[in-house]
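What follows is the content of upload25.txt (compact mmCIF, N, CA and C atoms).
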```txt
# COMPACT_ATOMS: atom_id res chain seq x y z
N ASN A 1 69.71 111.49 136.51
CA ASN A 1 69.44 112.92 136.62
C ASN A 1 69.42 113.56 135.24
N ASP A 2 68.97 114.81 135.16
CA ASP A 2 68.79 115.49 133.87
C ASP A 2 70.10 115.81 133.16
N SER A 3 71.18 115.98 133.90
CA SER A 3 72.45 116.35 133.27
C SER A 3 72.98 115.23 132.38
N GLN A 4 72.63 113.99 132.70
CA GLN A 4 73.09 112.88 131.88
C GLN A 4 72.54 112.98 130.46
N ALA A 5 71.26 113.31 130.34
CA ALA A 5 70.66 113.45 129.01
C ALA A 5 71.24 114.66 128.28
N TYR A 6 71.50 115.72 129.04
CA TYR A 6 72.02 116.94 128.42
C TYR A 6 73.43 116.73 127.88
N PHE A 7 74.28 116.09 128.67
CA PHE A 7 75.67 115.91 128.27
C PHE A 7 75.89 114.68 127.39
N CYS A 8 74.84 113.92 127.16
CA CYS A 8 74.97 112.73 126.31
C CYS A 8 75.41 113.10 124.90
N ARG A 9 74.89 114.20 124.37
CA ARG A 9 75.25 114.65 123.03
C ARG A 9 76.73 114.99 122.95
N SER A 10 77.21 115.79 123.90
CA SER A 10 78.63 116.18 123.91
C SER A 10 79.53 114.96 124.05
N LEU A 11 79.14 114.05 124.92
CA LEU A 11 79.93 112.85 125.13
C LEU A 11 79.96 111.98 123.88
N SER A 12 78.81 111.84 123.22
CA SER A 12 78.78 111.00 122.02
C SER A 12 79.59 111.63 120.89
N LEU A 13 79.52 112.95 120.73
CA LEU A 13 80.34 113.61 119.70
C LEU A 13 81.83 113.46 120.00
N ALA A 14 82.20 113.63 121.25
CA ALA A 14 83.61 113.48 121.62
C ALA A 14 84.08 112.05 121.36
N TYR A 15 83.24 111.09 121.67
CA TYR A 15 83.61 109.69 121.44
C TYR A 15 83.81 109.41 119.95
N ILE A 16 82.87 109.86 119.13
CA ILE A 16 82.96 109.63 117.68
C ILE A 16 84.20 110.30 117.11
N GLU A 17 84.45 111.54 117.51
CA GLU A 17 85.62 112.25 116.99
C GLU A 17 86.91 111.58 117.45
N HIS A 18 86.93 111.06 118.67
CA HIS A 18 88.10 110.32 119.16
C HIS A 18 88.28 109.04 118.34
N GLU A 19 87.18 108.36 118.05
CA GLU A 19 87.25 107.12 117.29
C GLU A 19 87.74 107.38 115.86
N VAL A 20 87.29 108.48 115.26
CA VAL A 20 87.76 108.85 113.93
C VAL A 20 89.27 109.06 113.95
N LEU A 21 89.77 109.79 114.94
CA LEU A 21 91.21 110.01 115.05
C LEU A 21 91.96 108.71 115.28
N ARG A 22 91.45 107.87 116.17
CA ARG A 22 92.12 106.61 116.47
C ARG A 22 92.22 105.73 115.23
N ARG A 23 91.13 105.64 114.48
CA ARG A 23 91.14 104.81 113.27
C ARG A 23 92.02 105.41 112.17
N PHE A 24 91.99 106.73 112.06
CA PHE A 24 92.84 107.40 111.07
C PHE A 24 94.30 107.07 111.35
N ILE A 25 94.70 107.16 112.61
CA ILE A 25 96.09 106.89 112.98
C ILE A 25 96.44 105.43 112.71
N SER A 26 95.52 104.52 113.04
CA SER A 26 95.82 103.10 112.81
C SER A 26 95.91 102.78 111.32
N VAL A 27 95.07 103.39 110.51
CA VAL A 27 95.13 103.17 109.06
C VAL A 27 96.36 103.84 108.47
N LEU A 28 96.76 104.95 109.06
CA LEU A 28 97.96 105.65 108.60
C LEU A 28 99.19 104.77 108.76
N GLU A 29 99.23 104.00 109.80
CA GLU A 29 100.36 103.11 110.03
C GLU A 29 100.33 101.90 109.10
N GLU A 30 99.14 101.26 109.00
CA GLU A 30 99.05 100.07 108.16
C GLU A 30 97.58 99.75 107.91
N LYS A 31 97.26 99.40 106.66
CA LYS A 31 95.90 98.99 106.31
C LYS A 31 95.98 97.72 105.47
N ASP A 32 95.26 96.72 105.90
CA ASP A 32 95.23 95.43 105.20
C ASP A 32 96.63 94.87 104.95
N GLY A 33 97.51 95.06 105.92
CA GLY A 33 98.86 94.53 105.80
C GLY A 33 99.80 95.38 104.97
N GLU A 34 99.29 96.46 104.40
CA GLU A 34 100.13 97.34 103.57
C GLU A 34 100.44 98.62 104.32
N ALA A 35 101.69 99.02 104.28
CA ALA A 35 102.10 100.27 104.92
C ALA A 35 101.72 101.45 104.02
N THR A 36 101.38 102.55 104.65
CA THR A 36 101.09 103.78 103.90
C THR A 36 102.39 104.26 103.26
N PRO A 37 102.34 104.67 101.99
CA PRO A 37 103.56 105.17 101.33
C PRO A 37 104.21 106.29 102.15
N SER A 38 105.51 106.24 102.25
CA SER A 38 106.23 107.18 103.12
C SER A 38 106.09 108.64 102.67
N ASP A 39 105.88 108.89 101.38
CA ASP A 39 105.73 110.27 100.92
C ASP A 39 104.36 110.84 101.27
N LEU A 40 103.39 109.99 101.57
CA LEU A 40 102.05 110.45 101.96
C LEU A 40 101.91 110.67 103.46
N LYS A 41 102.73 109.98 104.24
CA LYS A 41 102.58 110.03 105.69
C LYS A 41 102.66 111.44 106.29
N PRO A 42 103.61 112.28 105.90
CA PRO A 42 103.67 113.61 106.51
C PRO A 42 102.41 114.44 106.26
N VAL A 43 101.88 114.40 105.06
CA VAL A 43 100.68 115.17 104.74
C VAL A 43 99.48 114.61 105.50
N LEU A 44 99.36 113.28 105.54
CA LEU A 44 98.24 112.67 106.24
C LEU A 44 98.33 112.90 107.74
N ARG A 45 99.53 112.90 108.30
CA ARG A 45 99.70 113.20 109.73
C ARG A 45 99.27 114.63 110.03
N ARG A 46 99.66 115.56 109.17
CA ARG A 46 99.25 116.96 109.37
C ARG A 46 97.73 117.09 109.28
N LEU A 47 97.14 116.40 108.32
CA LEU A 47 95.69 116.44 108.17
C LEU A 47 95.00 115.86 109.41
N CYS A 48 95.52 114.77 109.92
CA CYS A 48 94.97 114.15 111.12
C CYS A 48 95.11 115.09 112.32
N THR A 49 96.27 115.70 112.47
CA THR A 49 96.49 116.64 113.57
C THR A 49 95.58 117.84 113.45
N LEU A 50 95.39 118.33 112.23
CA LEU A 50 94.49 119.45 112.01
C LEU A 50 93.06 119.10 112.43
N TYR A 51 92.61 117.91 112.07
CA TYR A 51 91.26 117.48 112.47
C TYR A 51 91.16 117.39 114.00
N GLY A 52 92.19 116.84 114.64
CA GLY A 52 92.18 116.73 116.09
C GLY A 52 92.14 118.08 116.77
N LEU A 53 92.95 119.02 116.29
CA LEU A 53 92.96 120.37 116.87
C LEU A 53 91.65 121.11 116.61
N TRP A 54 91.09 120.94 115.41
CA TRP A 54 89.79 121.56 115.10
C TRP A 54 88.72 121.04 116.05
N SER A 55 88.74 119.73 116.27
CA SER A 55 87.77 119.11 117.16
C SER A 55 87.97 119.61 118.59
N LEU A 56 89.20 119.72 119.02
CA LEU A 56 89.49 120.21 120.36
C LEU A 56 89.02 121.66 120.52
N GLU A 57 89.28 122.49 119.52
CA GLU A 57 88.84 123.88 119.59
C GLU A 57 87.33 123.98 119.64
N LYS A 58 86.67 123.12 118.91
CA LYS A 58 85.21 123.12 118.88
C LYS A 58 84.62 122.80 120.26
N HIS A 59 85.33 122.00 121.03
CA HIS A 59 84.82 121.57 122.34
C HIS A 59 85.45 122.33 123.51
N LEU A 60 86.14 123.44 123.24
CA LEU A 60 86.78 124.19 124.32
C LEU A 60 85.80 124.67 125.37
N THR A 61 84.62 125.10 124.95
CA THR A 61 83.62 125.58 125.91
C THR A 61 83.26 124.48 126.91
N THR A 62 83.02 123.29 126.40
CA THR A 62 82.69 122.17 127.27
C THR A 62 83.86 121.84 128.19
N LEU A 63 85.08 121.93 127.67
CA LEU A 63 86.25 121.66 128.49
C LEU A 63 86.43 122.71 129.58
N TYR A 64 86.11 123.98 129.27
CA TYR A 64 86.15 125.02 130.29
C TYR A 64 85.08 124.77 131.35
N GLN A 65 83.87 124.44 130.91
CA GLN A 65 82.78 124.20 131.85
C GLN A 65 83.10 123.03 132.78
N GLY A 66 83.75 122.04 132.28
CA GLY A 66 84.10 120.88 133.10
C GLY A 66 85.33 121.08 133.96
N GLY A 67 86.02 122.20 133.77
CA GLY A 67 87.21 122.47 134.56
C GLY A 67 88.46 121.79 134.04
N TYR A 68 88.40 121.25 132.83
CA TYR A 68 89.56 120.57 132.26
C TYR A 68 90.57 121.56 131.68
N VAL A 69 90.09 122.77 131.35
CA VAL A 69 90.94 123.82 130.80
C VAL A 69 90.69 125.09 131.60
N THR A 70 91.74 125.79 131.96
CA THR A 70 91.60 127.08 132.64
C THR A 70 92.54 128.08 131.98
N GLY A 71 92.23 129.34 132.15
CA GLY A 71 93.07 130.39 131.60
C GLY A 71 92.84 130.59 130.11
N SER A 72 93.59 131.53 129.56
CA SER A 72 93.40 131.88 128.15
C SER A 72 94.50 131.33 127.24
N GLU A 73 95.46 130.65 127.82
CA GLU A 73 96.59 130.17 127.03
C GLU A 73 96.23 129.00 126.11
N ALA A 74 95.39 128.08 126.58
CA ALA A 74 95.05 126.88 125.80
C ALA A 74 94.42 127.22 124.44
N PRO A 75 93.40 128.10 124.40
CA PRO A 75 92.84 128.43 123.08
C PRO A 75 93.86 129.08 122.14
N ARG A 76 94.73 129.91 122.70
CA ARG A 76 95.76 130.55 121.86
C ARG A 76 96.71 129.52 121.26
N ILE A 77 97.09 128.55 122.06
CA ILE A 77 98.01 127.51 121.59
C ILE A 77 97.34 126.68 120.50
N VAL A 78 96.08 126.30 120.74
CA VAL A 78 95.35 125.49 119.76
C VAL A 78 95.19 126.25 118.45
N ARG A 79 94.78 127.50 118.53
CA ARG A 79 94.57 128.29 117.31
C ARG A 79 95.88 128.55 116.57
N ALA A 80 96.95 128.80 117.31
CA ALA A 80 98.26 129.00 116.67
C ALA A 80 98.70 127.72 115.95
N ALA A 81 98.45 126.58 116.57
CA ALA A 81 98.82 125.31 115.94
C ALA A 81 97.98 125.06 114.69
N ILE A 82 96.69 125.41 114.75
CA ILE A 82 95.82 125.26 113.57
C ILE A 82 96.32 126.13 112.43
N LEU A 83 96.63 127.38 112.74
CA LEU A 83 97.13 128.29 111.69
C LEU A 83 98.47 127.80 111.12
N GLN A 84 99.33 127.28 111.97
CA GLN A 84 100.62 126.76 111.50
C GLN A 84 100.40 125.57 110.57
N LEU A 85 99.49 124.66 110.96
CA LEU A 85 99.21 123.49 110.10
C LEU A 85 98.59 123.91 108.78
N CYS A 86 97.70 124.89 108.82
CA CYS A 86 97.10 125.37 107.57
C CYS A 86 98.18 125.94 106.65
N GLY A 87 99.14 126.66 107.22
CA GLY A 87 100.26 127.17 106.43
C GLY A 87 101.09 126.05 105.84
N GLU A 88 101.29 124.98 106.62
CA GLU A 88 102.07 123.86 106.12
C GLU A 88 101.32 123.07 105.05
N LEU A 89 100.00 123.05 105.14
CA LEU A 89 99.20 122.26 104.19
C LEU A 89 98.79 123.05 102.94
N LYS A 90 99.06 124.37 102.91
CA LYS A 90 98.58 125.17 101.79
C LYS A 90 99.17 124.72 100.45
N ASP A 91 100.41 124.25 100.45
CA ASP A 91 101.01 123.78 99.20
C ASP A 91 100.36 122.50 98.70
N GLU A 92 99.72 121.76 99.61
CA GLU A 92 99.05 120.51 99.25
C GLU A 92 97.55 120.70 99.03
N ALA A 93 97.06 121.94 99.12
CA ALA A 93 95.61 122.19 99.09
C ALA A 93 94.96 121.69 97.80
N VAL A 94 95.54 121.99 96.66
CA VAL A 94 94.95 121.58 95.38
C VAL A 94 94.90 120.06 95.29
N THR A 95 95.96 119.41 95.69
CA THR A 95 96.00 117.95 95.65
C THR A 95 94.96 117.35 96.58
N LEU A 96 94.84 117.90 97.80
CA LEU A 96 93.85 117.39 98.74
C LEU A 96 92.43 117.59 98.24
N VAL A 97 92.16 118.73 97.63
CA VAL A 97 90.82 118.98 97.09
C VAL A 97 90.55 118.04 95.92
N ASP A 98 91.53 117.83 95.06
CA ASP A 98 91.35 116.92 93.93
C ASP A 98 91.05 115.50 94.40
N VAL A 99 91.66 115.10 95.49
CA VAL A 99 91.42 113.76 96.03
C VAL A 99 90.00 113.64 96.55
N LEU A 100 89.52 114.68 97.21
CA LEU A 100 88.20 114.63 97.85
C LEU A 100 87.07 115.11 96.96
N ALA A 101 87.40 115.85 95.91
CA ALA A 101 86.37 116.49 95.09
C ALA A 101 85.59 115.47 94.25
N PRO A 102 84.30 115.71 94.09
CA PRO A 102 83.52 114.85 93.19
C PRO A 102 83.90 115.13 91.73
N THR A 103 83.57 114.21 90.87
CA THR A 103 83.87 114.39 89.44
C THR A 103 82.98 115.49 88.87
N ASP A 104 83.35 115.97 87.69
CA ASP A 104 82.55 117.00 87.03
C ASP A 104 81.13 116.52 86.77
N PHE A 105 80.99 115.25 86.43
CA PHE A 105 79.66 114.69 86.16
C PHE A 105 78.78 114.76 87.41
N ILE A 106 79.33 114.40 88.55
CA ILE A 106 78.57 114.42 89.80
C ILE A 106 78.32 115.86 90.24
N LEU A 107 79.31 116.70 90.12
CA LEU A 107 79.19 118.10 90.54
C LEU A 107 78.17 118.84 89.68
N ASN A 108 78.17 118.59 88.37
CA ASN A 108 77.23 119.19 87.43
C ASN A 108 77.14 120.71 87.59
N SER A 109 78.29 121.35 87.63
CA SER A 109 78.34 122.79 87.80
C SER A 109 79.20 123.41 86.70
N PRO A 110 78.67 124.36 85.95
CA PRO A 110 79.49 124.97 84.90
C PRO A 110 80.66 125.79 85.45
N ILE A 111 80.50 126.38 86.62
CA ILE A 111 81.62 127.17 87.15
C ILE A 111 82.56 126.36 88.02
N GLY A 112 82.20 125.09 88.33
CA GLY A 112 83.06 124.26 89.16
C GLY A 112 83.75 123.16 88.39
N ALA A 113 83.74 123.24 87.07
CA ALA A 113 84.36 122.18 86.25
C ALA A 113 85.88 122.21 86.41
N SER A 114 86.48 121.05 86.29
CA SER A 114 87.93 120.95 86.52
C SER A 114 88.77 121.52 85.39
N ASP A 115 88.17 121.82 84.24
CA ASP A 115 88.97 122.34 83.12
C ASP A 115 89.33 123.82 83.29
N GLY A 116 88.70 124.51 84.24
CA GLY A 116 89.02 125.91 84.51
C GLY A 116 88.41 126.90 83.54
N GLU A 117 87.61 126.44 82.60
CA GLU A 117 86.98 127.30 81.60
C GLU A 117 85.63 127.82 82.14
N ILE A 118 85.69 128.69 83.14
CA ILE A 118 84.48 129.14 83.83
C ILE A 118 83.51 129.83 82.88
N TYR A 119 83.96 130.85 82.15
CA TYR A 119 83.07 131.63 81.31
C TYR A 119 82.55 130.83 80.12
N LYS A 120 83.41 130.04 79.54
CA LYS A 120 82.99 129.21 78.41
C LYS A 120 81.92 128.20 78.87
N ASN A 121 82.13 127.56 80.00
CA ASN A 121 81.17 126.60 80.52
C ASN A 121 79.86 127.27 80.94
N LEU A 122 79.97 128.44 81.54
CA LEU A 122 78.77 129.17 81.97
C LEU A 122 77.95 129.60 80.75
N TYR A 123 78.61 130.10 79.72
CA TYR A 123 77.92 130.49 78.49
C TYR A 123 77.26 129.28 77.84
N GLY A 124 77.98 128.16 77.80
CA GLY A 124 77.42 126.94 77.23
C GLY A 124 76.20 126.46 77.98
N ALA A 125 76.24 126.56 79.30
CA ALA A 125 75.10 126.13 80.11
C ALA A 125 73.90 127.04 79.90
N MET A 126 74.15 128.34 79.75
CA MET A 126 73.04 129.27 79.50
C MET A 126 72.42 129.04 78.13
N MET A 127 73.23 128.72 77.17
CA MET A 127 72.71 128.56 75.81
C MET A 127 71.97 127.23 75.61
N GLN A 128 72.10 126.30 76.54
CA GLN A 128 71.43 125.01 76.41
C GLN A 128 69.96 125.07 76.83
N GLY A 129 69.56 126.10 77.52
CA GLY A 129 68.18 126.20 77.99
C GLY A 129 67.21 126.48 76.86
N GLU A 130 65.94 126.22 77.14
CA GLU A 130 64.90 126.49 76.13
C GLU A 130 64.61 127.98 76.06
N LYS A 131 64.33 128.46 74.89
CA LYS A 131 63.91 129.84 74.63
C LYS A 131 64.90 130.87 75.16
N VAL A 132 66.19 130.55 75.16
CA VAL A 132 67.17 131.49 75.67
C VAL A 132 67.39 132.67 74.73
N MET A 133 67.07 132.51 73.47
CA MET A 133 67.28 133.60 72.51
C MET A 133 65.98 134.36 72.21
N GLU A 134 64.92 134.03 72.91
CA GLU A 134 63.65 134.72 72.71
C GLU A 134 63.47 135.79 73.77
N ARG A 135 62.64 136.78 73.42
CA ARG A 135 62.34 137.84 74.37
C ARG A 135 61.37 137.31 75.43
N PRO A 136 61.49 137.80 76.65
CA PRO A 136 60.54 137.38 77.68
C PRO A 136 59.15 137.95 77.41
N SER A 137 58.15 137.35 77.99
CA SER A 137 56.77 137.77 77.73
C SER A 137 56.50 139.19 78.22
N TYR A 138 57.24 139.70 79.12
CA TYR A 138 56.99 141.03 79.71
C TYR A 138 57.86 142.12 79.09
N TRP A 139 58.52 141.86 77.98
CA TRP A 139 59.47 142.83 77.44
C TRP A 139 58.81 144.12 76.99
N GLN A 140 57.58 144.06 76.50
CA GLN A 140 56.92 145.29 76.04
C GLN A 140 56.60 146.23 77.19
N GLU A 141 56.34 145.70 78.36
CA GLU A 141 56.07 146.56 79.52
C GLU A 141 57.28 147.45 79.83
N PHE A 142 58.46 146.94 79.62
CA PHE A 142 59.66 147.72 79.92
C PHE A 142 59.99 148.71 78.81
N THR A 143 59.67 148.36 77.57
CA THR A 143 60.04 149.26 76.47
C THR A 143 59.01 150.33 76.23
N SER A 144 57.77 150.14 76.64
CA SER A 144 56.75 151.14 76.37
C SER A 144 56.39 151.97 77.59
N ALA A 145 56.95 151.71 78.72
CA ALA A 145 56.61 152.47 79.92
C ALA A 145 57.19 153.88 79.80
N PRO A 146 56.39 154.88 80.15
CA PRO A 146 56.89 156.27 80.05
C PRO A 146 57.95 156.54 81.13
N VAL A 147 58.93 157.34 80.74
CA VAL A 147 59.99 157.73 81.65
C VAL A 147 59.61 159.06 82.26
N LYS A 148 59.68 159.18 83.56
CA LYS A 148 59.30 160.43 84.23
C LYS A 148 60.48 161.12 84.82
```
Would you mind writing the structure in this file as structure tokens?
Amino acid sequence: NDSQAYFCRSLSLAYIEHEVLRRFISVLEEKDGEATPSDLKPVLRRLCTLYGLWSLEKHLTTLYQGGYVTGSEAPRIVRAAILQLCGELKDEAVTLVDVLAPTDFILNSPIGASDGEIYKNLYGAMMQGEKVMERPSYWQEFTSAPVK
């Protein structure tokens, strides 16, 4: 029937997101015979839980349509838990971004460089272009136009 094709997308996304969580948890416990360092486990568990809750919130509409969730309490609980986890992870935000962030060479952005010298890098990038110190070809139109 037609509903199978329609719900195939939702089912496949739910399966993939479940598989990501399952593998994350299994790697969190042990990878290649090595245990995850104990000081990393709490942060990684929070990150895993945050991803799971985000995924659950994203699929709440489908869960309501299927009758798996009723009432207004479930979304409130999920959102409150997400906000609580974000509060707990805020102290680790810079570290998490540094772990995931591309290098300056790959990023190739004067305002996104890791040295924090936004204005110096932006000025340097502007000065590297060709003809940056020359007047544009249309400059006379602006200086000779009559003011009314």
Just want the 8 Å neighbourhood of range 56-61 of chain A, counted on all atoms listed in the file, with same-chain residues fewer than 6 positions away dropped. Output as a compact mmCIF listing (two decimals) with N, CA and C atoms, in the frame of the given file.
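Final file, selection26.txt:
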```txt
# COMPACT_ATOMS: atom_id res chain seq x y z
N LEU A 50 95.39 118.33 112.23
CA LEU A 50 94.49 119.45 112.01
C LEU A 50 93.06 119.10 112.43
N GLY A 67 86.02 122.20 133.77
CA GLY A 67 87.21 122.47 134.56
C GLY A 67 88.46 121.79 134.04
N VAL A 69 90.09 122.77 131.35
CA VAL A 69 90.94 123.82 130.80
C VAL A 69 90.69 125.09 131.60
N PRO A 75 93.40 128.10 124.40
CA PRO A 75 92.84 128.43 123.08
C PRO A 75 93.86 129.08 122.14
N VAL A 78 96.08 126.30 120.74
CA VAL A 78 95.35 125.49 119.76
C VAL A 78 95.19 126.25 118.45
N ARG A 79 94.78 127.50 118.53
CA ARG A 79 94.57 128.29 117.31
C ARG A 79 95.88 128.55 116.57
```
State, in Å with one decimal place, the distance from CA of Leu44 in chain A to CA of Val99 in chain A.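 Distance between the two atoms: 12.3 Å.
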Any idea what's packed within 7 Å of range 80-88 of chain A, counting all atoms listed in the file, ignoring anything in its chain fewer than 3 positions away? Could you give it as JSON, numbers by chain? {"A": [46, 50, 53, 54, 75, 76, 77, 91, 92]}
What does the structure give for the distance between CA of Phe105 in chain A and CA of Val132 in chain A, in Å to one decimal?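 These two atoms are separated by 23.4 Å.
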d(CA of Val27 in chain A, CA of Arg9 in chain A) in Å: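 Separation of CA of Val27 in chain A and CA of Arg9 in chain A: 26.9 Å.
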